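**Q** What follows is my_file_16.cif; its format and atoms are mmCIF, C-alpha atoms.
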```cif
data_final
#
loop_
_atom_site.label_atom_id
_atom_site.label_comp_id
_atom_site.auth_asym_id
_atom_site.auth_seq_id
_atom_site.Cartn_x
_atom_site.Cartn_y
_atom_site.Cartn_z
CA MET A 1 -103.30 8.91 -4.35
CA ALA A 2 -102.24 5.67 -2.68
CA ASP A 3 -105.44 5.65 -0.62
CA GLY A 4 -107.52 6.12 -3.78
CA THR A 5 -105.67 3.27 -5.46
CA ASP A 6 -106.33 0.94 -2.52
CA VAL A 7 -110.02 1.88 -2.44
CA THR A 8 -110.36 1.43 -6.19
CA VAL A 9 -108.64 -1.93 -6.29
CA ALA A 10 -110.54 -3.10 -3.19
CA ARG A 11 -113.82 -2.10 -4.84
CA LEU A 12 -112.84 -3.94 -8.02
CA GLU A 13 -111.92 -7.10 -6.09
CA GLU A 14 -115.08 -6.91 -3.96
CA GLN A 15 -117.37 -6.50 -6.96
CA LEU A 16 -115.55 -9.16 -8.95
CA ALA A 17 -115.88 -11.66 -6.10
CA TRP A 18 -119.58 -10.79 -5.61
CA TYR A 19 -120.53 -11.13 -9.29
CA ASP A 20 -118.47 -14.31 -9.65
CA ALA A 21 -120.14 -15.92 -6.60
CA LYS A 22 -123.65 -14.85 -7.65
CA ALA A 23 -123.10 -16.07 -11.23
CA SER A 24 -121.92 -19.47 -9.94
CA HIS A 25 -124.88 -19.72 -7.56
CA SER A 26 -127.36 -18.81 -10.30
CA GLN A 27 -125.80 -21.33 -12.67
CA ARG A 28 -126.06 -24.11 -10.07
CA MET A 29 -129.67 -23.24 -9.25
CA PHE A 30 -130.67 -23.05 -12.92
CA LYS A 31 -129.08 -26.42 -13.73
CA ARG A 32 -130.57 -28.12 -10.65
CA LEU A 33 -134.07 -26.83 -11.38
CA LYS A 34 -133.80 -27.76 -15.07
CA ALA A 35 -132.53 -31.24 -14.17
CA ALA A 36 -135.49 -31.73 -11.82
CA THR A 37 -137.91 -30.63 -14.54
CA ILE A 38 -136.34 -32.92 -17.15
CA ILE A 39 -136.33 -35.92 -14.81
CA ALA A 40 -139.96 -35.35 -13.76
CA ALA A 41 -141.05 -34.91 -17.38
CA ALA A 42 -139.18 -38.08 -18.42
CA LEU A 43 -140.97 -40.04 -15.69
CA VAL A 44 -144.46 -39.05 -16.89
CA PRO A 45 -144.63 -41.61 -19.75
CA ILE A 46 -143.15 -44.28 -17.49
CA SER A 47 -145.88 -43.59 -14.93
CA ALA A 48 -148.43 -44.64 -17.55
CA LEU A 49 -147.13 -48.20 -17.16
CA CYS A 50 -147.95 -48.25 -13.45
CA ARG A 51 -151.24 -49.43 -12.01
CA ASP A 52 -151.98 -46.04 -10.38
CA GLY A 53 -150.16 -44.14 -13.11
CA SER A 54 -152.63 -41.26 -13.29
CA TYR A 55 -151.83 -40.25 -9.71
CA ILE A 56 -148.11 -40.49 -10.34
CA ALA A 57 -148.43 -38.48 -13.56
CA ALA A 58 -150.47 -35.84 -11.73
CA GLY A 59 -147.82 -35.63 -9.01
CA LEU A 60 -145.06 -35.31 -11.57
CA GLY A 61 -147.01 -32.59 -13.38
CA PHE A 62 -147.32 -30.76 -10.08
CA VAL A 63 -143.56 -31.03 -9.52
CA ILE A 64 -142.85 -29.70 -13.02
CA VAL A 65 -145.11 -26.69 -12.53
CA VAL A 66 -143.66 -25.86 -9.11
CA VAL A 67 -140.04 -26.23 -10.22
CA GLU A 68 -140.62 -24.10 -13.32
CA GLY A 69 -142.36 -21.53 -11.13
CA PHE A 70 -139.30 -21.30 -8.89
CA GLN A 71 -137.12 -20.95 -11.98
CA GLN A 72 -139.26 -18.04 -13.20
CA LEU A 73 -139.26 -16.38 -9.79
CA GLY A 74 -135.50 -16.64 -9.39
CA GLN A 75 -134.66 -15.85 -13.01
CA TYR A 76 -131.57 -18.00 -12.51
CA GLN A 77 -130.61 -18.36 -16.16
CA GLN A 78 -130.84 -14.62 -16.80
CA THR A 79 -128.92 -13.69 -13.64
CA TRP A 80 -126.33 -16.36 -14.38
CA PHE A 81 -125.63 -14.81 -17.80
CA THR A 82 -125.73 -11.16 -16.74
CA TYR A 83 -123.67 -11.66 -13.58
CA ARG A 84 -121.13 -13.76 -15.47
CA ALA A 85 -120.86 -11.08 -18.18
CA THR A 86 -120.29 -8.39 -15.55
CA ALA A 87 -117.69 -10.52 -13.73
CA GLU A 88 -115.85 -11.15 -17.00
CA ALA A 89 -115.92 -7.44 -17.87
CA LEU A 90 -114.50 -6.61 -14.44
CA LYS A 91 -111.74 -9.21 -14.95
CA HIS A 92 -110.99 -7.64 -18.31
CA GLU A 93 -110.53 -4.22 -16.71
CA LYS A 94 -108.41 -5.71 -13.94
CA TYR A 95 -106.05 -7.39 -16.41
CA LEU A 96 -105.77 -4.28 -18.58
CA TYR A 97 -105.06 -2.14 -15.53
CA TYR A 98 -102.35 -4.43 -14.16
CA ALA A 99 -100.77 -5.07 -17.59
CA PRO A 100 -100.86 -1.90 -18.19
CA ALA A 101 -102.64 -2.12 -21.53
CA GLY A 102 -105.57 -0.67 -23.43
CA ASP A 103 -106.33 2.90 -22.42
CA TYR A 104 -104.53 2.68 -19.08
CA PRO A 105 -100.99 3.62 -20.22
CA LYS A 106 -102.36 6.69 -22.05
CA ALA A 107 -104.55 7.84 -19.17
CA GLN A 108 -103.41 10.79 -17.06
CA ASP A 109 -104.67 8.95 -13.97
CA PRO A 110 -104.99 5.19 -14.52
CA HIS A 111 -106.47 4.68 -11.03
CA ARG A 112 -109.23 7.14 -11.76
CA LEU A 113 -109.93 5.50 -15.11
CA LEU A 114 -110.16 2.11 -13.38
CA ALA A 115 -112.56 3.50 -10.77
CA GLU A 116 -114.76 5.05 -13.47
CA ARG A 117 -114.87 1.85 -15.50
CA VAL A 118 -115.61 -0.37 -12.50
CA GLU A 119 -118.44 1.90 -11.40
CA SER A 120 -119.74 2.11 -14.96
CA LEU A 121 -119.89 -1.68 -15.27
CA VAL A 122 -121.61 -2.07 -11.91
CA SER A 123 -124.06 0.74 -12.71
CA GLN A 124 -124.90 -0.74 -16.11
CA GLU A 125 -125.62 -4.13 -14.58
CA HIS A 126 -127.75 -2.54 -11.86
CA ALA A 127 -129.70 -0.60 -14.50
CA ARG A 128 -130.32 -3.83 -16.46
CA TRP A 129 -131.43 -5.58 -13.27
CA SER A 130 -133.81 -2.72 -12.37
CA ALA A 131 -135.28 -2.68 -15.88
CA ALA A 132 -135.80 -6.46 -15.75
CA GLN A 133 -137.53 -6.18 -12.37
CA GLU A 134 -139.82 -3.43 -13.64
CA ALA A 135 -140.64 -5.44 -16.77
CA ALA A 136 -141.43 -8.52 -14.68
CA LEU A 137 -143.66 -6.46 -12.37
CA LYS A 138 -145.48 -4.95 -15.36
CA GLN A 139 -145.91 -8.41 -16.88
CA ARG A 140 -147.40 -9.75 -13.64
CA LYS A 141 -149.85 -6.81 -13.51
CA ASP A 142 -150.79 -7.34 -17.16
CA ASP A 143 -151.36 -11.07 -16.52
CA LYS A 144 -153.93 -10.32 -13.79
#
```
So, in terms of C-alpha coordinates, how does the structure I just supplied come out?

**A**
Amino acid sequence: MADGTDVTVARLEEQLAWYDAKASHSQRMFKRLKAATIIAAALVPISALCRDGSYIAAGLGFVIVVVEGFQQLGQYQQTWFTYRATAEALKHEKYLYYAPAGDYPKAQDPHRLLAERVESLVSQEHARWSAAQEAALKQRKDDK
(Lines of atoms letter the chains of each structure in order from A and count residues from 1; the text may use other names and numbers.)
(Lines give C-alpha, C1' and ligand atoms only; values in the text may rest on other atoms or scores of the structure.)
Protein backbone atom coordinates (compact mmCIF):
# COMPACT_ATOMS: atom_id res chain seq x y z
CA MET A 1 0.00 0.00 0.00
CA ALA A 2 3.00 2.33 -0.10
CA ASP A 3 1.98 3.51 -3.58
CA GLY A 4 -1.55 4.25 -2.34
CA THR A 5 -0.15 6.19 0.59
CA ASP A 6 2.04 8.31 -1.68
CA VAL A 7 -0.87 9.01 -4.04
CA THR A 8 -3.18 9.89 -1.16
CA VAL A 9 -0.73 12.21 0.54
CA ALA A 10 0.24 13.79 -2.79
CA ARG A 11 -3.44 14.41 -3.56
CA LEU A 12 -3.94 15.94 -0.11
CA GLU A 13 -0.92 18.24 -0.52
CA GLU A 14 -1.94 19.21 -4.06
CA GLN A 15 -5.50 20.07 -3.07
CA LEU A 16 -4.39 21.87 0.07
CA ALA A 17 -1.96 24.02 -1.92
CA TRP A 18 -4.59 24.75 -4.60
CA TYR A 19 -7.33 25.78 -2.14
CA ASP A 20 -4.87 27.82 -0.07
CA ALA A 21 -3.60 29.71 -3.15
CA LYS A 22 -7.11 30.31 -4.53
CA ALA A 23 -8.39 31.49 -1.14
CA SER A 24 -5.49 33.95 -0.84
CA HIS A 25 -6.03 35.21 -4.38
CA SER A 26 -9.77 35.68 -3.80
CA GLN A 27 -9.12 37.51 -0.53
CA ARG A 28 -6.67 39.90 -2.22
CA MET A 29 -9.06 40.56 -5.12
CA PHE A 30 -12.03 41.13 -2.80
CA LYS A 31 -10.10 43.57 -0.61
CA ARG A 32 -8.65 45.46 -3.59
CA LEU A 33 -12.04 45.84 -5.26
CA LYS A 34 -13.69 46.88 -1.99
CA ALA A 35 -10.93 49.41 -1.32
CA ALA A 36 -11.41 50.90 -4.80
CA THR A 37 -15.16 51.16 -4.22
CA ILE A 38 -14.73 52.80 -0.81
CA ILE A 39 -12.18 55.29 -2.10
CA ALA A 40 -14.31 56.21 -5.13
CA ALA A 41 -17.41 56.60 -2.95
CA ALA A 42 -15.50 58.76 -0.45
CA LEU A 43 -14.37 61.04 -3.28
CA VAL A 44 -17.92 61.73 -4.51
CA PRO A 45 -18.77 64.36 -1.84
CA ILE A 46 -15.35 65.95 -2.29
CA SER A 47 -16.00 66.25 -6.02
CA ALA A 48 -18.95 68.50 -5.20
CA LEU A 49 -16.43 71.13 -4.09
CA CYS A 50 -14.76 71.20 -7.50
CA ARG A 51 -15.76 73.53 -10.32
CA ASP A 52 -16.61 70.63 -12.68
CA GLY A 53 -17.70 68.39 -9.82
CA SER A 54 -20.65 66.85 -11.65
CA TYR A 55 -18.34 65.29 -14.23
CA ILE A 56 -16.01 63.99 -11.55
CA ALA A 57 -18.94 62.59 -9.55
CA ALA A 58 -20.30 60.90 -12.68
CA GLY A 59 -16.88 59.36 -13.36
CA LEU A 60 -16.60 58.14 -9.80
CA GLY A 61 -20.10 56.66 -10.00
CA PHE A 62 -19.05 54.84 -13.16
CA VAL A 63 -15.97 53.46 -11.39
CA ILE A 64 -18.08 52.27 -8.45
CA VAL A 65 -20.54 50.46 -10.71
CA VAL A 66 -17.79 48.80 -12.76
CA VAL A 67 -15.77 47.71 -9.73
CA GLU A 68 -18.86 46.30 -7.99
CA GLY A 69 -19.75 44.51 -11.23
CA PHE A 70 -16.35 42.83 -11.30
CA GLN A 71 -16.81 41.86 -7.65
CA GLN A 72 -20.16 40.24 -8.46
CA LEU A 73 -18.76 38.45 -11.50
CA GLY A 74 -15.78 37.07 -9.60
CA GLN A 75 -17.66 36.32 -6.39
CA TYR A 76 -14.36 36.91 -4.61
CA GLN A 77 -15.74 37.15 -1.08
CA GLN A 78 -17.72 33.93 -1.42
CA THR A 79 -14.84 32.01 -3.01
CA TRP A 80 -12.44 33.38 -0.42
CA PHE A 81 -14.59 31.99 2.41
CA THR A 82 -15.43 28.64 0.81
CA TYR A 83 -11.90 27.95 -0.43
CA ARG A 84 -10.43 28.95 2.94
CA ALA A 85 -12.90 26.66 4.74
CA THR A 86 -11.96 23.75 2.46
CA ALA A 87 -8.23 24.43 2.91
CA GLU A 88 -8.65 24.50 6.69
CA ALA A 89 -10.65 21.25 6.64
CA LEU A 90 -7.92 19.61 4.56
CA LYS A 91 -5.28 20.84 7.04
CA HIS A 92 -7.37 19.40 9.85
CA GLU A 93 -7.41 15.98 8.19
CA LYS A 94 -3.69 16.19 7.49
CA TYR A 95 -2.86 16.93 11.13
CA LEU A 96 -5.17 14.20 12.43
CA TYR A 97 -3.67 11.70 9.99
CA TYR A 98 -0.06 12.50 10.89
CA ALA A 99 -0.76 12.71 14.66
CA PRO A 100 -2.40 9.94 14.48
CA ALA A 101 -5.56 11.19 16.16
CA GLY A 102 -9.32 11.28 15.72
CA ASP A 103 -10.62 8.29 13.80
CA TYR A 104 -7.28 7.43 12.21
CA PRO A 105 -5.84 5.19 14.97
CA LYS A 106 -9.07 3.16 15.06
CA ALA A 107 -9.33 2.79 11.29
CA GLN A 108 -8.41 -0.54 9.70
CA ASP A 109 -6.73 1.38 6.87
CA PRO A 110 -5.84 4.96 7.83
CA HIS A 111 -4.59 5.74 4.30
CA ARG A 112 -7.92 4.74 2.83
CA LEU A 113 -9.78 6.82 5.42
CA LEU A 114 -7.60 9.82 4.55
CA ALA A 115 -8.26 9.34 0.83
CA GLU A 116 -12.02 9.11 1.42
CA ARG A 117 -12.07 12.22 3.58
CA VAL A 118 -9.94 14.27 1.20
CA GLU A 119 -12.15 13.32 -1.75
CA SER A 120 -15.28 13.99 0.30
CA LEU A 121 -14.10 17.50 1.20
CA VAL A 122 -13.15 18.28 -2.40
CA SER A 123 -16.43 16.85 -3.71
CA GLN A 124 -18.49 18.83 -1.19
CA GLU A 125 -16.77 22.06 -2.18
CA HIS A 126 -17.25 21.29 -5.87
CA ALA A 127 -20.95 20.59 -5.26
CA ARG A 128 -21.32 23.94 -3.44
CA TRP A 129 -19.51 25.71 -6.28
CA SER A 130 -21.74 24.05 -8.91
CA ALA A 131 -24.89 24.94 -6.96
CA ALA A 132 -23.73 28.56 -6.65
CA GLN A 133 -23.02 28.74 -10.39
CA GLU A 134 -26.45 27.33 -11.21
CA ALA A 135 -28.12 29.76 -8.81
CA ALA A 136 -26.24 32.69 -10.34
CA LEU A 137 -27.22 31.57 -13.85
CA LYS A 138 -30.87 31.23 -12.81
CA GLN A 139 -30.75 34.67 -11.18
CA ARG A 140 -29.34 36.23 -14.36
CA LYS A 141 -32.11 34.59 -16.43
CA ASP A 142 -34.75 35.79 -13.96
CA ASP A 143 -33.34 39.33 -14.09
CA LYS A 144 -33.79 39.50 -17.88

**Q** With all atoms listed in the file as the atoms that count, which of A:Tyr83, A:Phe62, A:Tyr76, A:Phe70 lies nearest to Tyr19 of chain A?

**A**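 Among the listed residues, A:Tyr83 lies closest to Tyr19 of chain A.
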
**Q** Between segment 66-135 of chain A and segment 21-44 of chain A, at 10 Å or less, what are the per-residue closest atom pairs and their distances in Å? Count only C-alpha atoms, order by chain and rising residue number, and return it as a tab-separated table.

**A**
```
residue	atom	partner	partner_atom	distance
A:Val66	CA	A:Thr37	CA	9.2
A:Val67	CA	A:Leu33	CA	6.1
A:Glu68	CA	A:Thr37	CA	7.2
A:Gly69	CA	A:Leu33	CA	9.8
A:Phe70	CA	A:Leu33	CA	8.0
A:Gln71	CA	A:Leu33	CA	6.7
A:Gln72	CA	A:Phe30	CA	9.9
A:Gly74	CA	A:Ser26	CA	8.5
A:Gln75	CA	A:Phe30	CA	8.2
A:Tyr76	CA	A:Ser26	CA	4.8
A:Gln77	CA	A:Phe30	CA	5.7
A:Gln78	CA	A:Ser26	CA	8.5
A:Thr79	CA	A:Ser26	CA	6.3
A:Trp80	CA	A:Ala23	CA	4.5
A:Phe81	CA	A:Ala23	CA	7.2
A:Thr82	CA	A:Ala23	CA	7.8
A:Tyr83	CA	A:Ala23	CA	5.0
A:Arg84	CA	A:Ala23	CA	5.2
A:Ala85	CA	A:Ala23	CA	8.8
A:Thr86	CA	A:Ala23	CA	9.2
A:Ala87	CA	A:Ala23	CA	8.1
```

**Q** Leaving out Pro45 of chain A and any residue of its chain fewer than 3 positions from it, which residues lie within 12 Å of it when counting all atoms listed in the file, given as a list in words?

**A**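 The neighbour list is Ile39, Ala40, Ala41, Ala42, Ala48, Leu49, Cys50, Gly53, Ser54, Ile56, Ala57, Ala58, Leu60 and Gly61 of chain A.
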
**Q** Determine the axis-aligned bounding box of all atoms of segment 35-39 of chain A present in the file, pad each side by 6 Å, and express its centre and edge lengths in Å to one decimal place as lines of an AutoDock Vina configuration file.

**A**
```
center_x = -135.2
center_y = -33.3
center_z = -14.5
size_x = 17.4
size_y = 17.3
size_z = 17.3
```

**Q** Grab the atom CA of Leu121 of chain A to atom CA of Leu73 of chain A distance for me, in Å with one decimal place.

**A** 24.9 Å

**Q** Record the distance separating atom CA of Leu12 of chain A and atom CA of Ala132 of chain A, expressed in Å with one decimal.

**A**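 If I compute the distance from atom CA of Leu12 of chain A to atom CA of Ala132 of chain A, I get 24.4 Å.
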
**Q** As an exercise, work out the distance from atom CA of Glu134 of chain A to atom CA of Arg11 of chain A in Å and give it to one decimal place.

**A**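 Separation between atom CA of Glu134 of chain A and atom CA of Arg11 of chain A: 27.5 Å.
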
**Q** Give me, as a ChimeraX atom specification, all polymer residues having an atom no more than 12 Å from Tyr104 of chain A, counting all atoms listed in the file and skipping those fewer than 6 positions away in the same chain.

**A** /A:93-98,110-117

**Q** Counting only C-alpha atoms, which residue out of A:Leu90, A:Ala101, A:Asp142, A:Ser47 sits closest to Glu119 of chain A?

**A** A:Leu90
